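Q: Input structure: run.cif, which contains mmCIF, C-alpha atoms.
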```cif
data_target
#
loop_
_atom_site.label_atom_id
_atom_site.label_comp_id
_atom_site.auth_asym_id
_atom_site.auth_seq_id
_atom_site.Cartn_x
_atom_site.Cartn_y
_atom_site.Cartn_z
CA MET A 882 10.69 11.40 10.55
CA ASN A 883 12.76 9.16 12.82
CA LYS A 884 12.36 6.15 10.51
CA LYS A 885 14.83 3.29 10.23
CA ILE A 886 15.17 1.22 7.05
CA GLY A 887 17.12 -2.01 6.73
CA LEU A 888 18.81 -2.12 3.32
CA LEU A 889 20.20 -5.27 1.73
CA GLY A 890 23.35 -4.27 -0.14
CA GLY A 891 25.95 -1.58 0.38
CA GLY A 892 26.93 -0.41 -3.11
CA GLN A 893 26.72 2.97 -4.81
CA LEU A 894 22.92 2.85 -5.11
CA GLY A 895 22.66 2.52 -1.35
CA ARG A 896 25.21 5.30 -0.89
CA MET A 897 23.14 7.76 -2.93
CA LEU A 898 19.97 6.61 -1.15
CA ILE A 899 21.59 7.42 2.19
CA GLN A 900 22.51 10.89 0.95
CA GLU A 901 18.83 11.59 0.21
CA ALA A 902 17.59 9.90 3.39
CA ILE A 903 19.58 12.31 5.57
CA ASP A 904 17.37 15.20 4.42
CA LEU A 905 14.25 13.33 5.60
CA ASP A 906 15.84 12.28 8.91
CA VAL A 907 15.55 8.65 7.80
CA GLU A 908 18.21 6.19 8.93
CA ILE A 909 19.56 3.61 6.47
CA HIS A 910 21.19 0.54 8.00
CA CYS A 911 23.02 -1.73 5.54
CA LEU A 912 23.79 -5.42 5.37
CA GLU A 913 26.83 -6.06 3.16
CA ASN A 914 29.73 -8.52 3.17
CA ASP A 915 32.36 -6.00 2.03
CA LEU A 916 33.67 -3.72 4.78
CA ASP A 917 35.06 -1.43 2.07
CA ALA A 918 31.70 -1.06 0.27
CA PRO A 919 30.52 2.44 -0.80
CA CYS A 920 27.94 2.57 2.04
CA ALA A 921 30.34 1.50 4.79
CA LYS A 922 31.53 4.97 5.78
CA ILE A 923 28.21 6.81 5.65
CA ALA A 924 25.47 4.33 6.61
CA HIS A 925 23.74 4.95 9.94
CA GLY A 926 24.47 1.32 10.72
CA PHE A 927 26.57 -1.23 8.84
CA THR A 928 26.40 -4.98 9.43
CA LYS A 929 28.90 -7.31 7.77
CA GLY A 930 27.14 -10.36 6.39
CA SER A 931 25.88 -12.14 3.30
CA ILE A 932 22.68 -10.78 1.73
CA THR A 933 22.12 -14.20 0.13
CA ASP A 934 22.25 -16.16 3.40
CA LYS A 935 18.74 -16.77 4.75
CA GLN A 936 19.53 -16.70 8.46
CA THR A 937 21.79 -13.65 8.17
CA VAL A 938 19.04 -11.69 6.39
CA LEU A 939 16.42 -12.86 8.92
CA ASP A 940 18.58 -11.76 11.86
CA PHE A 941 19.32 -8.41 10.22
CA GLY A 942 15.73 -7.70 9.15
CA ALA A 943 14.30 -8.47 12.58
CA ALA A 944 15.47 -5.06 13.84
CA PHE A 945 13.46 -3.05 11.27
CA ASP A 946 9.83 -2.49 10.37
CA LEU A 947 10.76 -1.71 6.74
CA ILE A 948 13.30 -3.54 4.56
CA SER A 949 14.41 -2.61 1.05
CA VAL A 950 17.10 -3.69 -1.40
CA GLU A 951 19.65 -2.06 -3.68
CA ILE A 952 20.38 -5.28 -5.60
CA GLU A 953 18.15 -8.20 -6.63
CA ASN A 954 20.52 -11.03 -5.66
CA VAL A 955 19.33 -11.46 -2.06
CA SER A 956 17.74 -14.22 0.02
CA ILE A 957 14.15 -13.97 -1.17
CA GLU A 958 13.20 -16.84 1.16
CA ALA A 959 14.24 -14.71 4.14
CA LEU A 960 12.25 -11.74 2.84
CA TYR A 961 9.12 -13.89 2.54
CA GLU A 962 9.53 -14.92 6.18
CA LEU A 963 10.10 -11.33 7.30
CA GLU A 964 6.93 -10.35 5.45
CA LYS A 965 5.02 -13.08 7.33
CA LEU A 966 6.36 -11.63 10.57
CA GLY A 967 4.65 -8.33 9.74
CA LYS A 968 7.65 -6.50 8.30
CA LYS A 969 7.11 -4.34 5.24
CA VAL A 970 9.41 -5.43 2.42
CA TYR A 971 9.52 -3.11 -0.61
CA PRO A 972 9.84 -4.06 -3.36
CA GLN A 973 7.86 -7.15 -2.37
CA PRO A 974 9.61 -10.56 -2.37
CA ARG A 975 7.26 -11.91 -5.07
CA VAL A 976 8.35 -9.04 -7.35
CA LEU A 977 12.03 -9.72 -6.69
CA GLU A 978 11.47 -13.42 -7.36
CA LEU A 979 9.79 -12.70 -10.69
CA ILE A 980 12.37 -10.19 -11.86
CA ARG A 981 15.46 -12.11 -10.75
CA ASP A 982 14.75 -14.84 -13.33
CA LYS A 983 14.83 -13.33 -16.82
CA GLY A 984 12.79 -16.25 -18.14
CA VAL A 985 9.97 -15.64 -15.65
CA GLN A 986 10.25 -11.93 -16.53
CA LYS A 987 9.67 -12.66 -20.22
CA GLU A 988 6.69 -14.91 -19.45
CA PHE A 989 5.21 -12.10 -17.35
CA TYR A 990 5.43 -9.76 -20.36
CA THR A 991 3.61 -12.14 -22.68
CA ARG A 992 0.87 -12.90 -20.11
CA ASN A 993 0.16 -9.21 -19.64
CA GLN A 994 0.39 -7.93 -23.22
CA ILE A 995 3.63 -6.08 -22.59
CA PRO A 996 5.56 -5.78 -25.87
CA THR A 997 8.91 -7.60 -25.90
CA ALA A 998 11.24 -9.41 -28.31
CA ASP A 999 10.40 -12.98 -29.41
CA PHE A 1000 12.08 -15.51 -27.13
CA GLN A 1001 12.56 -19.15 -26.17
CA LEU A 1002 13.51 -20.60 -22.79
CA VAL A 1003 16.36 -23.10 -22.60
CA THR A 1004 16.84 -25.27 -19.51
CA ASP A 1005 20.18 -26.83 -20.48
CA ALA A 1006 22.11 -25.54 -23.50
CA SER A 1007 25.00 -28.03 -23.22
CA GLY A 1008 23.97 -30.36 -26.06
CA LEU A 1009 21.49 -28.16 -27.87
CA GLN A 1010 21.56 -27.12 -31.50
CA ALA A 1011 21.16 -23.38 -32.13
CA PRO A 1012 17.44 -22.89 -31.36
CA MET A 1013 17.00 -19.77 -33.48
CA GLU A 1014 18.32 -18.41 -36.74
CA PHE A 1015 21.52 -16.40 -36.31
CA PRO A 1016 21.97 -13.76 -35.00
CA PHE A 1017 20.27 -13.95 -31.60
CA VAL A 1018 20.98 -13.11 -27.94
CA GLN A 1019 21.59 -15.56 -25.10
CA LYS A 1020 20.98 -14.34 -21.55
CA MET A 1021 21.55 -16.33 -18.38
CA ARG A 1022 18.21 -16.52 -16.60
CA VAL A 1023 19.74 -15.79 -13.18
CA GLY A 1024 22.87 -13.94 -12.10
CA GLY A 1025 23.68 -11.59 -14.96
CA TYR A 1026 24.17 -7.84 -14.48
CA ASP A 1027 25.86 -4.87 -16.21
CA GLY A 1028 26.22 -6.83 -19.44
CA LYS A 1029 27.60 -9.93 -17.69
CA GLY A 1030 25.70 -13.11 -18.49
CA VAL A 1031 24.74 -11.84 -21.96
CA LYS A 1032 26.15 -13.03 -25.29
CA ILE A 1033 25.33 -12.06 -28.84
CA ILE A 1034 25.39 -15.24 -30.92
CA ARG A 1035 26.14 -14.43 -34.57
CA THR A 1036 27.74 -17.64 -35.78
CA GLN A 1037 28.00 -21.36 -35.03
CA SER A 1038 31.40 -20.62 -33.47
CA ASP A 1039 29.73 -18.17 -31.05
CA TRP A 1040 27.15 -20.84 -30.21
CA GLU A 1041 29.88 -23.33 -29.40
CA ASN A 1042 31.10 -20.85 -26.72
CA ARG A 1043 27.60 -20.35 -25.28
CA PHE A 1044 26.52 -20.43 -21.66
CA THR A 1045 25.30 -23.87 -20.61
CA GLU A 1046 23.21 -22.48 -17.75
CA PRO A 1047 19.40 -22.04 -18.06
CA SER A 1048 18.97 -19.21 -20.54
CA VAL A 1049 16.65 -16.95 -22.45
CA ILE A 1050 17.23 -17.06 -26.19
CA GLU A 1051 15.74 -14.02 -27.88
CA ALA A 1052 15.73 -12.35 -31.25
CA LEU A 1053 18.46 -9.76 -31.79
CA ILE A 1054 16.55 -6.51 -32.25
CA PRO A 1055 18.07 -4.02 -34.75
CA PHE A 1056 16.97 -1.15 -32.55
CA GLU A 1057 17.15 2.54 -33.38
CA LYS A 1058 17.58 3.67 -29.76
CA GLU A 1059 17.86 2.19 -26.29
CA LEU A 1060 15.58 4.00 -23.83
CA SER A 1061 14.77 3.81 -20.14
CA VAL A 1062 11.87 5.09 -18.04
CA ILE A 1063 11.96 5.23 -14.23
CA VAL A 1064 8.54 4.80 -12.61
CA ALA A 1065 7.51 4.82 -8.94
CA ARG A 1066 4.44 3.60 -7.07
CA ASN A 1067 3.57 3.98 -3.37
CA GLU A 1068 1.28 1.92 -1.11
CA ASP A 1069 -1.69 4.15 -1.94
CA GLY A 1070 -1.29 3.31 -5.63
CA GLU A 1071 0.01 6.72 -6.72
CA VAL A 1072 2.20 6.31 -9.81
CA LYS A 1073 4.65 8.77 -11.40
CA THR A 1074 7.20 8.47 -14.17
CA PHE A 1075 10.33 10.40 -15.05
CA ASP A 1076 10.97 11.48 -18.64
CA ALA A 1077 12.50 8.83 -20.88
CA VAL A 1078 16.28 8.83 -21.16
CA GLU A 1079 18.31 7.75 -24.17
CA CYS A 1080 21.25 5.44 -23.54
CA GLU A 1081 24.58 5.28 -25.36
CA PHE A 1082 26.14 1.83 -25.15
CA ASN A 1083 29.82 0.96 -24.65
CA SER A 1084 30.24 -2.19 -26.76
CA GLU A 1085 33.65 -2.99 -25.27
CA ALA A 1086 32.40 -2.90 -21.67
CA ASN A 1087 28.95 -4.22 -22.69
CA LEU A 1088 27.16 -1.66 -20.52
CA VAL A 1089 25.66 1.83 -20.77
CA GLU A 1090 28.43 4.43 -20.93
CA PHE A 1091 26.28 7.56 -20.80
CA GLN A 1092 22.67 8.62 -21.19
CA PHE A 1093 20.84 11.90 -21.68
CA SER A 1094 17.42 13.31 -20.95
CA PRO A 1095 15.10 14.18 -22.52
CA ALA A 1096 15.52 11.46 -25.12
CA ALA A 1097 15.49 12.57 -28.75
CA ILE A 1098 12.13 10.94 -29.53
CA SER A 1099 8.67 12.17 -30.50
CA LYS A 1100 6.14 13.21 -27.88
CA GLU A 1101 3.98 10.26 -28.92
CA ILE A 1102 6.75 7.70 -28.33
CA ALA A 1103 7.74 9.38 -25.04
CA ALA A 1104 4.14 9.22 -23.80
CA LYS A 1105 3.78 5.59 -24.91
CA ALA A 1106 6.97 4.58 -23.06
CA GLN A 1107 5.67 6.21 -19.88
CA GLU A 1108 2.29 4.48 -20.23
CA ILE A 1109 3.94 1.08 -20.69
CA ALA A 1110 6.11 1.71 -17.60
CA LYS A 1111 3.00 2.60 -15.56
CA HIS A 1112 1.27 -0.54 -16.84
CA VAL A 1113 4.21 -2.71 -15.81
CA ILE A 1114 4.50 -1.43 -12.23
CA SER A 1115 0.72 -1.41 -11.71
CA THR A 1116 0.35 -4.96 -13.07
CA LEU A 1117 3.12 -6.07 -10.70
CA ASP A 1118 1.23 -4.28 -7.88
CA MET A 1119 4.69 -3.19 -6.83
CA VAL A 1120 5.69 -0.60 -4.22
CA GLY A 1121 8.98 1.14 -4.88
CA LEU A 1122 10.98 2.29 -7.88
CA LEU A 1123 11.17 0.40 -11.18
CA ALA A 1124 13.45 0.97 -14.17
CA VAL A 1125 11.91 -0.16 -17.46
CA GLU A 1126 14.43 -0.55 -20.29
CA PHE A 1127 13.18 -0.38 -23.89
CA PHE A 1128 14.35 -0.99 -27.42
CA LEU A 1129 12.90 1.49 -29.91
CA THR A 1130 12.83 -0.25 -33.29
CA LYS A 1131 13.35 1.40 -36.66
CA SER A 1132 9.59 1.09 -37.27
CA GLY A 1133 8.81 3.04 -34.07
CA GLU A 1134 7.81 0.03 -31.94
CA LEU A 1135 8.69 -0.02 -28.24
CA LEU A 1136 9.83 -3.38 -26.84
CA VAL A 1137 10.53 -3.93 -23.14
CA ASN A 1138 14.01 -5.40 -22.74
CA GLU A 1139 14.39 -5.77 -18.97
CA ILE A 1140 13.13 -4.26 -15.71
CA ALA A 1141 14.97 -3.55 -12.45
CA PRO A 1142 13.08 -3.04 -9.14
CA ARG A 1143 15.35 -0.41 -7.57
CA PRO A 1144 17.15 2.86 -8.31
CA HIS A 1145 18.96 2.44 -11.60
CA ASN A 1146 22.02 3.68 -13.47
CA SER A 1147 19.76 5.34 -16.05
CA GLY A 1148 18.24 7.54 -13.34
CA HIS A 1149 21.37 9.05 -11.78
CA HIS A 1150 20.96 12.32 -13.71
CA THR A 1151 17.77 13.03 -11.73
CA ILE A 1152 19.86 14.12 -8.71
CA GLU A 1153 20.67 17.40 -10.47
CA CYS A 1154 18.34 17.44 -13.48
CA CYS A 1155 14.94 16.91 -11.80
CA TYR A 1156 12.95 18.45 -8.98
CA THR A 1157 12.93 15.03 -7.28
CA SER A 1158 15.75 12.51 -7.65
CA GLN A 1159 15.10 8.82 -8.23
CA PHE A 1160 16.56 8.10 -4.77
CA ALA A 1161 14.21 10.55 -3.04
CA GLN A 1162 11.34 9.05 -5.06
CA HIS A 1163 12.25 5.54 -3.94
CA LEU A 1164 12.15 6.66 -0.31
CA ARG A 1165 8.82 8.43 -0.83
CA ALA A 1166 7.36 5.31 -2.45
CA ILE A 1167 8.41 2.77 0.20
CA LEU A 1168 7.48 5.14 3.08
CA ASN A 1169 4.08 5.80 1.43
CA LEU A 1170 4.71 9.53 1.15
CA PRO A 1171 3.35 11.68 -1.71
CA LEU A 1172 5.48 11.10 -4.80
CA GLY A 1173 7.66 14.03 -5.86
CA ASP A 1174 7.65 16.24 -8.95
CA THR A 1175 9.52 14.37 -11.69
CA ARG A 1176 9.83 17.23 -14.19
CA LEU A 1177 13.22 18.17 -15.60
CA ILE A 1178 14.71 21.39 -14.26
CA MET A 1179 17.20 21.36 -17.12
CA PRO A 1180 18.27 18.86 -19.78
CA GLY A 1181 21.33 16.85 -18.89
CA ALA A 1182 23.46 13.77 -19.41
CA MET A 1183 25.06 11.22 -17.10
CA LEU A 1184 28.44 9.67 -17.88
CA ASN A 1185 29.67 6.62 -15.98
CA ILE A 1186 33.23 6.86 -14.66
CA LEU A 1187 34.62 3.42 -15.47
CA GLY A 1188 37.89 1.87 -14.39
CA SER A 1189 40.42 2.27 -17.21
CA PRO A 1190 41.39 -0.84 -19.20
CA GLY A 1191 44.70 -2.32 -18.03
CA HIS A 1192 44.45 -0.85 -14.53
CA GLU A 1193 43.70 -2.79 -11.35
CA GLY A 1194 44.60 -1.67 -7.85
CA PRO A 1195 44.23 1.45 -5.65
CA ALA A 1196 42.12 4.01 -7.52
CA VAL A 1197 43.66 7.28 -8.71
CA TYR A 1198 41.59 9.92 -10.54
CA GLU A 1199 43.27 11.96 -13.27
CA GLY A 1200 41.72 15.15 -14.64
CA LEU A 1201 39.36 15.69 -11.70
CA GLU A 1202 40.24 19.37 -11.22
CA GLU A 1203 39.87 20.11 -14.95
CA VAL A 1204 36.40 18.54 -14.99
CA LEU A 1205 35.28 20.27 -11.78
CA SER A 1206 36.18 23.63 -13.32
CA LEU A 1207 33.52 23.20 -16.03
CA PRO A 1208 30.13 24.91 -15.58
CA GLY A 1209 27.11 22.68 -15.02
CA VAL A 1210 29.22 19.63 -14.18
CA TYR A 1211 28.69 17.50 -11.05
CA VAL A 1212 31.03 14.65 -10.08
CA HIS A 1213 29.89 11.73 -7.92
CA LEU A 1214 32.63 9.36 -6.73
CA TYR A 1215 31.39 6.16 -5.11
CA GLY A 1216 34.17 5.71 -2.57
CA LYS A 1217 35.52 2.48 -4.07
CA SER A 1218 39.17 2.27 -3.08
CA THR A 1219 40.12 -0.31 -5.73
CA THR A 1220 39.66 0.01 -9.48
CA LYS A 1221 39.58 -2.62 -12.21
CA PRO A 1222 38.75 -2.44 -15.94
CA PHE A 1223 35.23 -1.11 -16.59
CA ARG A 1224 34.23 -1.15 -12.91
CA LYS A 1225 31.71 1.60 -12.13
CA MET A 1226 33.69 4.01 -9.95
CA GLY A 1227 31.42 7.04 -10.13
CA HIS A 1228 29.44 9.18 -12.51
CA VAL A 1229 29.35 12.73 -13.83
CA THR A 1230 26.19 14.72 -14.53
CA VAL A 1231 26.35 17.52 -17.10
CA LEU A 1232 23.59 20.14 -17.34
CA GLY A 1233 23.03 22.44 -20.31
CA ARG A 1234 20.43 24.19 -22.44
CA GLU A 1235 21.35 22.44 -25.68
CA VAL A 1236 21.95 18.72 -26.23
CA SER A 1237 24.84 19.51 -28.60
CA GLU A 1238 26.59 21.52 -25.88
CA ILE A 1239 26.03 18.71 -23.35
CA LYS A 1240 27.42 16.04 -25.67
CA GLU A 1241 30.47 18.16 -26.48
CA ARG A 1242 31.21 18.47 -22.76
CA ILE A 1243 30.65 14.72 -22.26
CA ASP A 1244 33.17 13.96 -25.02
CA TYR A 1245 35.74 16.15 -23.25
CA ILE A 1246 35.11 14.50 -19.86
CA LYS A 1247 35.43 10.99 -21.35
CA THR A 1248 39.01 11.69 -22.37
CA THR A 1249 39.96 13.88 -19.38
CA LEU A 1250 38.58 12.22 -16.22
CA LEU A 1251 40.24 8.81 -15.95
CA CYS A 1252 40.20 6.27 -13.13
CA GLN A 1253 43.53 4.49 -13.11
CA SER A 1254 45.93 2.77 -10.73
CA TYR A 1255 49.67 3.15 -10.20
#
```
Re-express the file's structure as structure tokens.

A:
Amino acid sequence: MNKKIGLLGGGQLGRMLIQEAIDLDVEIHCLENDLDAPCAKIAHGFTKGSITDKQTVLDFGAAFDLISVEIENVSIEALYELEKLGKKVYPQPRVLELIRDKGVQKEFYTRNQIPTADFQLVTDASGLQAPMEFPFVQKMRVGGYDGKGVKIIRTQSDWENRFTEPSVIEALIPFEKELSVIVARNEDGEVKTFDAVECEFNSEANLVEFQFSPAAISKEIAAKAQEIAKHVISTLDMVGLLAVEFFLTKSGELLVNEIAPRPHNSGHHTIECCYTSQFAQHLRAILNLPLGDTRLIMPGAMLNILGSPGHEGPAVYEGLEEVLSLPGVYVHLYGKSTTKPFRKMGHVTVLGREVSEIKERIDYIKTTLLCQSY
């Protein structure tokens, strides 16, 4: 295709996007401040610089007709200017601006009849009394990711250790399951969703440890989750890939928790499990190509490889050969040379006919494949 895309960010999402782009003869050029970032060794072009600095992003984006992102924390002001200069920016800067602020996100849900947990917005929590009956959740409006910037407030003591930054205060939902649906939309307005995945949470790391697809939910709930995801991306009038995270309550209600306008951790299994991966779908969407077939080839699960607690330094992988000897197992290492506790260092996809078989294999991998440092 001989297309060149400027990508803001050089992490593992960009790395996997590059791997798909090669098959379409699409060049990915990255802007990233870390010369040791996962994209550094394989990007078609790599520019060292800050993705949050307006002038740096303007200078970088000037060389490309199409700019995309692999992380939301970028100079949106620069992207607006690049758009005015005739550059295509997908997802659009107005979408990134809306999603980056969790408070604006929540207001978007209520304006557009998108189900979500009850919430209040707090500008300054420094001298505030607890605004909701315990327990509740406090989320920083800007800057949180992978469980960072989120606190569960159960007691007055928890509240005394709250964030003082502008926050979203929302009801703590006693959910039955945590689900995610990846949805894509191209310039022509074609929309396609992947099957819902079910997420298993690591409470110690405060992030998703593994997820499996298809989720163990009824056909009715699965269809409803996909319809809500389509409604969200169409209402945003967004071009690109969107992850829609849900809480499924004990009464069967689906509540949107958060959305992310890019390839997402909950979609990594699609590389092996689906006819089209989420990364290929993102490329199709932003290049206005026909969207790919999202059906599952085989059920599967994705396990994050996290840095082991108590280890920080050069990364060493234990148990890699044992895991690679298992049938239906695919290891993806992100090329990060340094590990630290709970850092995402890679992931493993496990395919199988039965969910019980997949989960048994996941349990083995969790205790066998360890990222440590000596």

Q: Please write the residues picked by the PyMOL selection byres ((chain A and resi 1174) around 8) on this file as a VMD selection string.

A: chain A and resid 1155 to 1157 1172 to 1173 1175 to 1176

Q: What are the nearest atom pairs, with distances in Å to one decimal, for all residues of region 1107-1177 of chain A that come at most 12 Å from region 1202-1210 of chain A, using only C-alpha atoms, set out by chain and rising residue number as a Markdown table?

A:
```
| residue | atom | partner | partner_atom | distance |
| --- | --- | --- | --- | --- |
| A:His1150 | CA | A:Val1210 | CA | 11.0 |
| A:Glu1153 | CA | A:Gly1209 | CA | 9.5 |
| A:Cys1154 | CA | A:Gly1209 | CA | 10.3 |
```

Q: Have a look at CA of Ala1106 (chain A) and CA of Ile995 (chain A) and let me know their distance in Å, one decimal.

A: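 A separation of 11.2 Å between them.
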
Q: Suppose you want the space between CA of Lys885 (chain A) and CA of Gln1162 (chain A); what is it in Å?

A: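 Separation of CA of Lys885 (chain A) and CA of Gln1162 (chain A): 16.7 Å.
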
Q: Name the residues captured by the PyMOL selection byres ((chain A and resi 1063-1074) around 6) when it is applied to the shown file; answer as a ChimeraX atom specification.

A: /A:1062,1075,1120-1124,1166,1169

Q: Which polymer residues have any atom within 10 Å of an atom of Lys929 (chain A), counting only C-alpha atoms, with same-chain residues fewer than 2 positions away left out, as a PyMOL selection string?

A: chain A and resi 891+911-916+921+927+931-932+937+941

Q: Would you translate the PyMOL selection byres ((chain A and resi 1031) around 10) into the concrete set of residues it matches in this file, as a PyMOL selection string?

A: chain A and resi 1018-1022+1025-1030+1032-1034+1043-1044+1048-1049+1087

Q: Any chance you could export the current selection's C-alpha atoms as a PDB file, in the coordinates of the input?

A:
```pdb
ATOM      1  CA  VAL A1018      20.980 -13.110 -27.940  1.00  0.00           C
ATOM      2  CA  GLN A1019      21.590 -15.560 -25.100  1.00  0.00           C
ATOM      3  CA  LYS A1020      20.980 -14.340 -21.550  1.00  0.00           C
ATOM      4  CA  MET A1021      21.550 -16.330 -18.380  1.00  0.00           C
ATOM      5  CA  ARG A1022      18.210 -16.520 -16.600  1.00  0.00           C
ATOM      6  CA  GLY A1025      23.680 -11.590 -14.960  1.00  0.00           C
ATOM      7  CA  TYR A1026      24.170  -7.840 -14.480  1.00  0.00           C
ATOM      8  CA  ASP A1027      25.860  -4.870 -16.210  1.00  0.00           C
ATOM      9  CA  GLY A1028      26.220  -6.830 -19.440  1.00  0.00           C
ATOM     10  CA  LYS A1029      27.600  -9.930 -17.690  1.00  0.00           C
ATOM     11  CA  GLY A1030      25.700 -13.110 -18.490  1.00  0.00           C
ATOM     12  CA  LYS A1032      26.150 -13.030 -25.290  1.00  0.00           C
ATOM     13  CA  ILE A1033      25.330 -12.060 -28.840  1.00  0.00           C
ATOM     14  CA  ILE A1034      25.390 -15.240 -30.920  1.00  0.00           C
ATOM     15  CA  ARG A1043      27.600 -20.350 -25.280  1.00  0.00           C
ATOM     16  CA  PHE A1044      26.520 -20.430 -21.660  1.00  0.00           C
ATOM     17  CA  SER A1048      18.970 -19.210 -20.540  1.00  0.00           C
ATOM     18  CA  VAL A1049      16.650 -16.950 -22.450  1.00  0.00           C
ATOM     19  CA  ASN A1087      28.950  -4.220 -22.690  1.00  0.00           C
TER      20      ASN A1087
END
```

Q: If I take CA of Ile1114 (chain A) and CA of Ala924 (chain A), how far is one from the other in Å, to one decimal?

A: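 Separating CA of Ile1114 (chain A) from CA of Ala924 (chain A) is a distance of 28.8 Å.
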
Q: Using all atoms listed in the file, pick whichever of A:Thr928, A:Gln1010, A:Asn1042, A:Thr1230 has the shortest atom-to-atom distance to Pro1180 (chain A).

A: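 Going through A:Thr928, A:Gln1010, A:Asn1042, A:Thr1230 one by one, the smallest distance to Pro1180 (chain A) is for A:Thr1230.
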
Q: Pick from A:Glu901, A:Glu1134, A:Glu1235, A:Asp946: nearest to Lys884 (chain A), with all atoms listed in the file counted?

A: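 The answer is A:Asp946, which sits nearest to Lys884 (chain A).
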
Q: Out of A:Val1125, A:Leu963, A:Leu1214, A:Val1023, which residue has the shortest atom-to-atom distance to Thr1004 (chain A) when counting all atoms listed in the file?

A: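 Checking each of A:Val1125, A:Leu963, A:Leu1214, A:Val1023 against Thr1004 (chain A), counting all atoms listed in the file, the winner is A:Val1023.
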
Q: Thr1036 (chain A): which residues within 10 Å, counting all atoms listed in the file, same-chain residues fewer than 6 positions away excluded, as a ChimeraX atom specification?

A: /A:1011,1014-1017

Q: From the options A:Pro1012, A:Pro1047, A:Gly1194, A:Gly895, which residue's atoms come nearest to Val985 (chain A), counting all atoms listed in the file?

A: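 Among A:Pro1012, A:Pro1047, A:Gly1194, A:Gly895, it is A:Pro1047 that comes nearest to Val985 (chain A).
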
Q: Closest to Cys1080 (chain A) among A:Pro972, A:Pro1222, A:Gly967, A:Gly1148, using all atoms listed in the file?

A: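 Closest residue, counting all atoms listed in the file: A:Gly1148.
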
Q: Which residue, A:Thr1248, A:Thr997, A:Ser1158, A:Gln1037, has the smallest gap to Asn1138 (chain A) when you use all atoms listed in the file?

A: A:Thr997
